[in-house]
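K.L.:
Quick one: the structure is below, questions incoming.
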Amino acid sequence: MSGLALLIPVALGLGGAGLVLFFWTMRNGQFEDLEGAANRILIDEEGDEAPCPPTMPAEVRK
Amino acid sequence: MNAPLAMAPGNAAAITETRLTVPGMRCAGCIAKIERGLGQIDGVSAARVNLSGKRVVVQHDAGLDEGALMERLRGLGFDSHSAVEAAGSLEDRERTMLLRALAVAGFGMMNIMLLSVSIWSGAGGVTRDTFHWLSAMIALPVVAYSGRPFFASALAALRRGRTNMDVPISIGVLLATLLSLYETSQSQEHAYFDGAVMLLFFLLAGRALDASMRERTRAGIGALLGRMGKSAGVVQDDGSVRRLAADDLRPGMVMLVAAGEALAADGTVESGTSALDNSMITGESRPEPVGPGGNALAGAINLLDPISVRVAAAGADTGIAQIARLMEEAGQSRSRYVRIADRASRLYAPAVHALALMAFAGWMIAGAGWHQSLVIAVAVLIITCPCALGLAVPTAQVVASGALLKQGVLVKDGSALERLAEVDIALLDKTGTLTAGQPVPDLGKLDIQDREIALALAQVSRHPLSIGLARALRDEGVRAATVDDITERAGLGVSGRFGTQSVALERPEADDAGTACALRRGTIVKAIAFRDPLRSDLAEAIAAMAALGLQPRILSGDSAEAVGTVARKLGVAGTGRLRPEEKLEMLEALRRSGYRPLMIGDGLNDGPALAAAHASLAPGTASDASQQAADAVFIGQRLMPAVMAIRVARRTMAVVRQNFGLAIGYNVFAVPLALAGLVTPLIAALAMSTSSLIVVGNSLRLARLPR
């Protein structure tokens with residue numbers, strides 16, 4: 001029982017921390033552009049503009 | 001001398017924010033190109049692309065106008081429209097609210113389950129009571145927070161004397177929570193906190209999916225009228241010209257319309273010849289030549305020479321305003337459409353209430369005591385609004401619209417998919433729908449260097465032919481040559497200097513229609529003809545539509561001969577020379593005779609028909625108004641995505657029906673158990689999760705598109 005007195009608050013606290021973090025990320029707009037975030041790592045900061053990757057449909061690639 | 005002083009007040013100008021939609025952006029390269037390109041403009045402080053929303057938010061000095069930004073984007077090879085939608089719209093807030101409620105319910109559900117599992121596995125005595133109290137402490141705030149969307153909707157329905165799916169959900173959840181609280185205080189064996197919170201979680205998951213799919217639909221008719229000229233130079237009695245706002249124009253006045261200006265009212269040309277860009281109104285990309293006595297419509301853009309126009313109709317009487325009004329009225333027939341989930345729940349909710357009430361009364365009569373009777377009634381309530389039913393429709397629709405998005409079809413909302421699945425006759429506009437809607441130049445006479453010069457000249461102009469020429473050249477991988485001293489003279493063309501040679505892109509001598517242009521280098525002139533070709537997969541797409549039983553036919557505002565030629569080529573029926581009201585009438589006649597018509601069109605003149613049709617599609621090149629009115633927009637040069645949309649919609653509805661079957665099948669199995677008082681929280685929880693998972697799994701099958 002004494003173990004539970006410690007473990008249950010810990011479990012609740014961790015879950016609660018996750019919840020608070022989720023609320024914060026939402027307020028911070030981190031879910032606004034999921035696709036963009038995935039693509040941005042491919043931008044070459046110094047180089048010239050990157051071409052569209054060849055996996056795009058043909059009409060886009062051109 | 002004091003010029004810098006005069007500039008000073010302007011520098012303090014406030015920073016404003018402009019939102020543009022850029023449908024063409026696809027990848028990291030596009031993000032970089034757009035953000036850097038816009039950042040280079042003077043006065044732009046920041047540009048941020050949102051790839052998921054295909055939007056770019058630009059922060060800039062108030063002095064800079066939207067046109068300059070769009071011009072720059074066009075130079076980079078992207079078409080853009082102004083986005084009316086503001087941040088933090090109503091829909092946005094609703095979605096955020098649902099996501100938060102979902103997160104809280106998820107948190108509560110996991111923790112309560114943790115405690116419940118130990119109770120099920122045999123915890124007794126003090127431990128069980130403690131765990132029940134802990135569950136209660138978690139469940140009460142969670143139910144109060146996450147239940148709000150359901151409680152609010154149930155209350156609203158009850159106030160109007162109606163009932164909806166949220167009423168049994170709310171009663172079930174509230175009764176289960178209160179009853180569990182009572183049981184816990186009496187140290188009883190069972191509490192139902194886990195069931196109540198889990199129900200909330202799964203239902204919220206369905207609602208959140210549904211909300212994330214819905215987009216702003218048709219708030220933008222006002223934006224359409226914004227395209228009309230806002231003011232006009234009016235010739236006064238003494239011969240001077242005064243600018244009047246569009247609202248102050250009266251029939252009989254004479255407006256002077258400069259080249260590049262948009263007309264603010266309908267009228268007839270008094271003097272001057274020119275060509276008008278009517279693409280706003282007809283979707284026709286080719287400029288239309290006008291001379292004295294010719295008709296000019298508000299919203300058209302004067303391309304070549306200044307003309308004077310005698311106003312025939314102004315303000316709310318213009319053709320464009322009437323079309324906007326027609327669209328608004330026609331759209332109302334569609335807002336009466338009842339979504340399949342609502343139709344189901346309209347029958348379902350009263351049945352659930354009756355069943356629970358009967359269970360309570362039955363067990364009371366059988367002498368079970370009010371406590372046990374109530375427990376059974378609550379179990380019936382919870383088990384009969386299974387989570388699976390809440391997930392049946394949204395999961396299928398979200399997966400299907402995601403798959404369609406990858407094919408270049410943007411579906412506006414779930415009801416659009418439902419209506420697309422039901423159509424049984426297809427009506428197509430000609431220009432811009434059967435054709436690609438973009439003038440394509442014939443580049444045969446130009447050599448490599450000609451093309452590079454032509455691109456350099458064409459990309460600075462906003463003339464539709466220049467835009468088409470620049471697009472075609474870019475598509476061929478041509479890089480612009482370095483041309484200096486580029487100047488554009490409205491109505492005459494673009495000229496510049498290439499090395500020592502003077503070059504120009506101009507109107508050919510013999511052309512009065514404004515449907516061709518010519519490249520001049522020194523003294524050599526080469527003509528460039530334009531045409532609007534049929535879409536490459538047209539025959540295939542029409543055949544596929546016929547195979548789906550849609551009996552495609554053509555309705556067009558174009559001349560009867562032009563329509564007849566295409567119709568014969570495709571082997572379908574075609575009617576030409578139709579005005580917007582006539583298209584609308586034909587649609588309504590079809591509806592009255594029991595058809596559910598699908599309209600595919602792009603021009604503003606199709607707007608009313610698009611809004612009135614049972615379901616409608618518009619190509620990505622369509623006027624803003626048509627895209628607003630359509631249920632789905634397809635992008636690209638091919639028509640097949642439109643057929644794909646119908647196929648996927650039909651398959652989606654098949655899956656939705658299967659999902660309903662699964663969810664109701666589960667009920668048929670579980671309700672007798674609940675009525676017999678055999679459903680423990682464990683059984684309820686297990687049954688709920690499995691049926692939900694099966695439904696989600698079934699919906700995921702839609703991710704694979706039919707070939």
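Following the order of the structure tokens, first chain is A, next is B, and so on, with residues numbered from 1 inside each chain and ligands from 1 in the order they appear.
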In region 441-625 of chain B, what's alpha helix (DSSP H) per DSSP? Answer as a PyMOL selection string?
P.N.:
chain B and resi 448-458+464-475+538-547+560-570+580-592+607-612+624-625
K.L.:
Any chance you could export the current selection's C-alpha atoms as an mmCIF file, in the first residue's frame?
P.N.:
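Output contents, as saved in again_34.cif:
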```
data_model
loop_
_atom_site.group_PDB
_atom_site.id
_atom_site.type_symbol
_atom_site.label_atom_id
_atom_site.label_comp_id
_atom_site.auth_asym_id
_atom_site.auth_seq_id
_atom_site.Cartn_x
_atom_site.Cartn_y
_atom_site.Cartn_z
ATOM 1 C CA ILE B 448 16.023 28.808 -78.396
ATOM 2 C CA GLN B 449 17.158 32.412 -78.039
ATOM 3 C CA ASP B 450 13.735 33.713 -79.099
ATOM 4 C CA ARG B 451 12.193 31.659 -76.328
ATOM 5 C CA GLU B 452 14.562 33.002 -73.695
ATOM 6 C CA ILE B 453 13.818 36.573 -74.728
ATOM 7 C CA ALA B 454 10.089 35.868 -74.905
ATOM 8 C CA LEU B 455 10.143 34.516 -71.342
ATOM 9 C CA ALA B 456 12.054 37.538 -70.059
ATOM 10 C CA LEU B 457 9.414 39.808 -71.571
ATOM 11 C CA ALA B 458 6.322 37.727 -70.844
ATOM 12 C CA PRO B 464 -3.508 36.528 -69.817
ATOM 13 C CA LEU B 465 -1.582 35.697 -72.992
ATOM 14 C CA SER B 466 1.710 36.710 -71.380
ATOM 15 C CA ILE B 467 0.905 34.598 -68.360
ATOM 16 C CA GLY B 468 0.110 31.618 -70.616
ATOM 17 C CA LEU B 469 3.261 32.170 -72.657
ATOM 18 C CA ALA B 470 5.483 32.447 -69.595
ATOM 19 C CA ARG B 471 3.929 29.304 -68.118
ATOM 20 C CA ALA B 472 4.468 27.306 -71.297
ATOM 21 C CA LEU B 473 8.085 28.476 -71.627
ATOM 22 C CA ARG B 474 8.882 27.708 -68.009
ATOM 23 C CA ASP B 475 7.342 24.266 -68.403
ATOM 24 C CA LEU B 538 -10.960 13.816 -72.016
ATOM 25 C CA ALA B 539 -12.241 10.849 -74.043
ATOM 26 C CA GLU B 540 -11.103 8.415 -71.377
ATOM 27 C CA ALA B 541 -12.725 10.436 -68.575
ATOM 28 C CA ILE B 542 -16.026 10.827 -70.443
ATOM 29 C CA ALA B 543 -16.091 7.089 -71.148
ATOM 30 C CA ALA B 544 -15.384 6.378 -67.464
ATOM 31 C CA MET B 545 -18.243 8.676 -66.452
ATOM 32 C CA ALA B 546 -20.586 6.918 -68.840
ATOM 33 C CA ALA B 547 -19.443 3.603 -67.360
ATOM 34 C CA ALA B 560 -23.743 26.114 -80.581
ATOM 35 C CA GLU B 561 -21.301 25.084 -83.345
ATOM 36 C CA ALA B 562 -18.278 24.973 -81.034
ATOM 37 C CA VAL B 563 -20.212 22.883 -78.515
ATOM 38 C CA GLY B 564 -21.597 20.627 -81.249
ATOM 39 C CA THR B 565 -18.131 19.834 -82.591
ATOM 40 C CA VAL B 566 -16.825 18.737 -79.203
ATOM 41 C CA ALA B 567 -20.008 16.874 -78.300
ATOM 42 C CA ARG B 568 -19.939 14.886 -81.557
ATOM 43 C CA LYS B 569 -16.267 14.086 -81.049
ATOM 44 C CA LEU B 570 -17.005 12.681 -77.601
ATOM 45 C CA PRO B 580 -26.448 31.318 -66.272
ATOM 46 C CA GLU B 581 -30.205 31.418 -65.526
ATOM 47 C CA GLU B 582 -30.856 28.879 -68.275
ATOM 48 C CA LYS B 583 -28.244 26.498 -66.875
ATOM 49 C CA LEU B 584 -29.874 26.885 -63.491
ATOM 50 C CA GLU B 585 -33.315 26.176 -64.982
ATOM 51 C CA MET B 586 -32.077 23.022 -66.708
ATOM 52 C CA LEU B 587 -30.577 21.801 -63.441
ATOM 53 C CA GLU B 588 -33.764 22.455 -61.565
ATOM 54 C CA ALA B 589 -35.816 20.702 -64.223
ATOM 55 C CA LEU B 590 -33.535 17.682 -63.839
ATOM 56 C CA ARG B 591 -33.916 17.758 -60.076
ATOM 57 C CA ARG B 592 -37.683 17.955 -60.351
ATOM 58 C CA GLY B 607 -21.590 29.555 -60.244
ATOM 59 C CA PRO B 608 -25.370 29.365 -59.761
ATOM 60 C CA ALA B 609 -25.487 25.945 -61.433
ATOM 61 C CA LEU B 610 -22.618 24.703 -59.251
ATOM 62 C CA ALA B 611 -24.424 25.894 -56.140
ATOM 63 C CA ALA B 612 -27.758 24.384 -57.199
ATOM 64 C CA ASP B 624 -12.769 32.053 -57.090
ATOM 65 C CA ALA B 625 -16.530 32.136 -56.989
#
```
K.L.:
Residues of chain B near chain A: apply a cut-off of 10 Å, count only C-alpha atoms, and supply the list as a ChimeraX atom specification.
P.N.:
/B:24-34,36,49-55,96,99-100,103-104,106-108,110-111,114-115,127,131,134,138,406-408,474-477,635-638
K.L.:
Could you take the residues named above and write them with C-alpha atoms, as a PDB file, in the first residue's frame?
P.N.:
```
ATOM      1  CA  GLY B  24       0.867  25.117 -56.517  1.00  0.00           C
ATOM      2  CA  MET B  25       3.293  24.654 -53.632  1.00  0.00           C
ATOM      3  CA  ARG B  26       4.341  21.056 -53.083  1.00  0.00           C
ATOM      4  CA  CYS B  27       7.810  20.633 -51.626  1.00  0.00           C
ATOM      5  CA  ALA B  28      10.731  22.035 -49.690  1.00  0.00           C
ATOM      6  CA  GLY B  29      12.026  23.792 -52.814  1.00  0.00           C
ATOM      7  CA  CYS B  30       8.732  25.635 -53.199  1.00  0.00           C
ATOM      8  CA  ILE B  31       8.814  26.779 -49.552  1.00  0.00           C
ATOM      9  CA  ALA B  32      12.338  28.120 -49.942  1.00  0.00           C
ATOM     10  CA  LYS B  33      11.576  29.801 -53.275  1.00  0.00           C
ATOM     11  CA  ILE B  34       8.451  31.541 -51.986  1.00  0.00           C
ATOM     12  CA  ARG B  36      13.083  33.962 -50.128  1.00  0.00           C
ATOM     13  CA  VAL B  49       4.638  29.376 -45.700  1.00  0.00           C
ATOM     14  CA  ASN B  50       2.119  26.884 -44.366  1.00  0.00           C
ATOM     15  CA  LEU B  51       2.482  23.859 -46.627  1.00  0.00           C
ATOM     16  CA  SER B  52      -0.447  21.856 -45.234  1.00  0.00           C
ATOM     17  CA  GLY B  53      -2.806  24.776 -45.793  1.00  0.00           C
ATOM     18  CA  LYS B  54      -1.069  25.856 -49.049  1.00  0.00           C
ATOM     19  CA  ARG B  55      -0.949  29.358 -47.603  1.00  0.00           C
ATOM     20  CA  THR B  96      -9.086  23.348 -31.033  1.00  0.00           C
ATOM     21  CA  LEU B  99      -8.813  18.460 -29.535  1.00  0.00           C
ATOM     22  CA  ARG B 100      -8.371  19.764 -26.000  1.00  0.00           C
ATOM     23  CA  ALA B 103      -6.675  15.111 -24.817  1.00  0.00           C
ATOM     24  CA  VAL B 104      -8.279  15.513 -21.396  1.00  0.00           C
ATOM     25  CA  GLY B 106      -7.637  10.440 -23.103  1.00  0.00           C
ATOM     26  CA  PHE B 107      -5.682  11.339 -19.991  1.00  0.00           C
ATOM     27  CA  GLY B 108      -8.640  10.509 -17.752  1.00  0.00           C
ATOM     28  CA  MET B 110      -5.893   5.903 -19.266  1.00  0.00           C
ATOM     29  CA  ASN B 111      -5.597   6.644 -15.572  1.00  0.00           C
ATOM     30  CA  LEU B 114      -5.217   1.638 -14.774  1.00  0.00           C
ATOM     31  CA  LEU B 115      -7.206   1.673 -11.545  1.00  0.00           C
ATOM     32  CA  THR B 127      -8.067  -0.851  -1.795  1.00  0.00           C
ATOM     33  CA  PHE B 131      -9.380   3.211  -6.137  1.00  0.00           C
ATOM     34  CA  LEU B 134      -9.465   8.087  -6.953  1.00  0.00           C
ATOM     35  CA  ILE B 138     -10.240  12.006 -11.978  1.00  0.00           C
ATOM     36  CA  LYS B 406      -2.918  12.886 -52.914  1.00  0.00           C
ATOM     37  CA  GLN B 407      -4.563  12.597 -56.341  1.00  0.00           C
ATOM     38  CA  GLY B 408      -5.121  16.347 -56.515  1.00  0.00           C
ATOM     39  CA  ARG B 474       8.882  27.708 -68.009  1.00  0.00           C
ATOM     40  CA  ASP B 475       7.342  24.266 -68.403  1.00  0.00           C
ATOM     41  CA  GLU B 476       9.806  23.628 -71.234  1.00  0.00           C
ATOM     42  CA  GLY B 477      12.688  24.487 -68.935  1.00  0.00           C
ATOM     43  CA  ILE B 635      -6.044  20.330 -59.784  1.00  0.00           C
ATOM     44  CA  GLY B 636      -3.996  19.694 -62.891  1.00  0.00           C
ATOM     45  CA  GLN B 637      -4.375  19.167 -66.602  1.00  0.00           C
ATOM     46  CA  ARG B 638      -6.382  15.968 -66.427  1.00  0.00           C
TER      47      ARG B 638
END
```
K.L.:
Residues near Val173 (chain B), anyone? I mean within 9 Å using only C-alpha atoms, not counting same-chain ones fewer than 5 positions away, as a ChimeraX atom specification.
P.N.:
/B:143,147,168,178,193,195-197,199-200,378,381-382
K.L.:
Save out the residues we just selected, C-alpha atoms, as a PDB file, in the first residue's frame.
P.N.:
```pdb
ATOM      1  CA  VAL B 143     -16.486  14.581 -17.591  1.00  0.00           C
ATOM      2  CA  GLY B 147     -18.451  16.454 -21.969  1.00  0.00           C
ATOM      3  CA  PRO B 168     -28.810   9.951 -24.940  1.00  0.00           C
ATOM      4  CA  LEU B 178     -23.750  10.180 -10.667  1.00  0.00           C
ATOM      5  CA  PHE B 193     -16.386   5.875 -14.290  1.00  0.00           C
ATOM      6  CA  GLY B 195     -17.161   3.335 -19.129  1.00  0.00           C
ATOM      7  CA  ALA B 196     -18.391   6.926 -19.028  1.00  0.00           C
ATOM      8  CA  VAL B 197     -14.982   8.469 -19.745  1.00  0.00           C
ATOM      9  CA  LEU B 199     -17.414   6.675 -24.203  1.00  0.00           C
ATOM     10  CA  LEU B 200     -16.543  10.361 -24.174  1.00  0.00           C
ATOM     11  CA  VAL B 378     -27.788   3.213 -17.679  1.00  0.00           C
ATOM     12  CA  LEU B 381     -28.110   3.776 -22.579  1.00  0.00           C
ATOM     13  CA  ILE B 382     -24.331   3.492 -22.760  1.00  0.00           C
TER      14      ILE B 382
END
```
K.L.:
Can you tell me, as a PDB file with N, CA and C atoms, in the first residue's frame, what residues are no more than 6 Å from region 431-440 of chain B when counting only C-alpha atoms, ignoring any on the same chain fewer than 3 positions away?
P.N.:
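Result written to around19.pdb:
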```
ATOM      1  N   GLY B 468       0.120  32.923 -69.977  1.00  0.00           N
ATOM      2  CA  GLY B 468       0.110  31.618 -70.616  1.00  0.00           C
ATOM      3  C   GLY B 468       1.432  31.318 -71.302  1.00  0.00           C
ATOM      4  N   PHE B 530      -2.261  31.355 -80.211  1.00  0.00           N
ATOM      5  CA  PHE B 530      -2.679  30.681 -78.973  1.00  0.00           C
ATOM      6  C   PHE B 530      -3.924  29.846 -79.223  1.00  0.00           C
ATOM      7  N   ARG B 531      -4.037  28.758 -78.502  1.00  0.00           N
ATOM      8  CA  ARG B 531      -5.291  28.005 -78.529  1.00  0.00           C
ATOM      9  C   ARG B 531      -5.513  27.432 -77.139  1.00  0.00           C
ATOM     10  N   ASP B 532      -6.749  26.993 -76.894  1.00  0.00           N
ATOM     11  CA  ASP B 532      -7.095  26.400 -75.606  1.00  0.00           C
ATOM     12  C   ASP B 532      -7.424  24.938 -75.869  1.00  0.00           C
ATOM     13  N   PRO B 533      -6.453  24.026 -75.727  1.00  0.00           N
ATOM     14  CA  PRO B 533      -6.652  22.643 -76.155  1.00  0.00           C
ATOM     15  C   PRO B 533      -7.570  21.867 -75.209  1.00  0.00           C
ATOM     16  N   LEU B 534      -8.188  20.805 -75.744  1.00  0.00           N
ATOM     17  CA  LEU B 534      -8.983  19.908 -74.893  1.00  0.00           C
ATOM     18  C   LEU B 534      -8.054  19.175 -73.939  1.00  0.00           C
ATOM     19  N   ARG B 535      -8.572  18.808 -72.796  1.00  0.00           N
ATOM     20  CA  ARG B 535      -7.759  18.051 -71.845  1.00  0.00           C
ATOM     21  C   ARG B 535      -7.338  16.722 -72.463  1.00  0.00           C
ATOM     22  N   GLY B 601     -17.894  22.687 -63.611  1.00  0.00           N
ATOM     23  CA  GLY B 601     -17.742  23.926 -64.358  1.00  0.00           C
ATOM     24  C   GLY B 601     -16.772  24.861 -63.675  1.00  0.00           C
ATOM     25  N   GLN B 637      -3.954  19.116 -65.214  1.00  0.00           N
ATOM     26  CA  GLN B 637      -4.375  19.167 -66.602  1.00  0.00           C
ATOM     27  C   GLN B 637      -5.350  18.066 -66.964  1.00  0.00           C
TER      28      GLN B 637
END
```
K.L.:
Can you tell me which residues surround Arg497 (chain B) at a distance of at most 12 Å, considering only C-alpha atoms, apart from same-chain residues fewer than 4 positions away, and format the answer as a list in words?
P.N.:
Ile453, Ala454, Ala456, Leu457, Ala481, Thr482, Val483, Asp484, Asp485, Ile486, Thr487, Gln501, Ser502, Val503, Ala504, Leu505, Arg520, Arg521 and Gly522 of chain B
K.L.:
By how many Å are CA of Ile171 (chain B) and CA of Leu347 (chain B) apart?
P.N.:
17.5 Å
K.L.:
Could you pull out the strand (DSSP E or B) residues of region 233-378 of chain B, going by DSSP on the backbone, and write them as number ranges by chain?
P.N.:
B: 233-235, 241-245, 254-257, 262, 266-271, 274-277, 288-290, 295-296, 301-302, 307-313
K.L.:
Limited to C-alpha atoms, could you put the picked residues into a file as an mmCIF file, in the first residue's frame?
P.N.:
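Writing done, so here's selection-v4.cif:
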```cif
data_model
loop_
_atom_site.group_PDB
_atom_site.id
_atom_site.type_symbol
_atom_site.label_atom_id
_atom_site.label_comp_id
_atom_site.auth_asym_id
_atom_site.auth_seq_id
_atom_site.Cartn_x
_atom_site.Cartn_y
_atom_site.Cartn_z
ATOM 1 C CA GLY B 233 -13.722 57.868 -64.197
ATOM 2 C CA VAL B 234 -16.965 59.487 -65.306
ATOM 3 C CA VAL B 235 -17.132 62.130 -68.026
ATOM 4 C CA VAL B 241 -13.436 63.478 -65.803
ATOM 5 C CA ARG B 242 -14.314 62.794 -62.178
ATOM 6 C CA ARG B 243 -13.780 59.535 -60.299
ATOM 7 C CA LEU B 244 -16.947 58.128 -58.759
ATOM 8 C CA ALA B 245 -17.334 55.115 -56.483
ATOM 9 C CA VAL B 254 -20.203 57.616 -69.563
ATOM 10 C CA MET B 255 -17.125 55.980 -67.974
ATOM 11 C CA LEU B 256 -13.621 56.246 -69.315
ATOM 12 C CA VAL B 257 -11.943 52.890 -68.825
ATOM 13 C CA ALA B 262 -11.577 46.648 -64.241
ATOM 14 C CA ASP B 266 -22.265 47.020 -67.129
ATOM 15 C CA GLY B 267 -22.641 49.084 -70.277
ATOM 16 C CA THR B 268 -22.180 49.470 -74.014
ATOM 17 C CA VAL B 269 -19.027 50.765 -75.634
ATOM 18 C CA GLU B 270 -19.449 54.341 -76.921
ATOM 19 C CA SER B 271 -16.121 54.796 -78.601
ATOM 20 C CA SER B 274 -10.183 47.098 -77.309
ATOM 21 C CA ALA B 275 -10.224 43.567 -75.942
ATOM 22 C CA LEU B 276 -11.785 42.587 -72.644
ATOM 23 C CA ASP B 277 -10.606 39.869 -70.283
ATOM 24 C CA GLU B 288 -12.900 39.200 -76.272
ATOM 25 C CA PRO B 289 -12.629 42.014 -78.831
ATOM 26 C CA VAL B 290 -15.112 44.885 -78.414
ATOM 27 C CA ASN B 295 -21.354 44.932 -74.523
ATOM 28 C CA ALA B 296 -19.001 45.356 -71.598
ATOM 29 C CA ILE B 301 -10.655 43.928 -67.392
ATOM 30 C CA ASN B 302 -9.860 46.224 -70.299
ATOM 31 C CA ILE B 307 -12.565 52.905 -74.193
ATOM 32 C CA SER B 308 -15.553 54.944 -73.096
ATOM 33 C CA VAL B 309 -18.547 52.978 -71.908
ATOM 34 C CA ARG B 310 -22.107 54.217 -71.375
ATOM 35 C CA VAL B 311 -23.412 52.664 -68.147
ATOM 36 C CA ALA B 312 -26.477 50.455 -68.630
ATOM 37 C CA ALA B 313 -26.645 48.860 -65.174
#
```
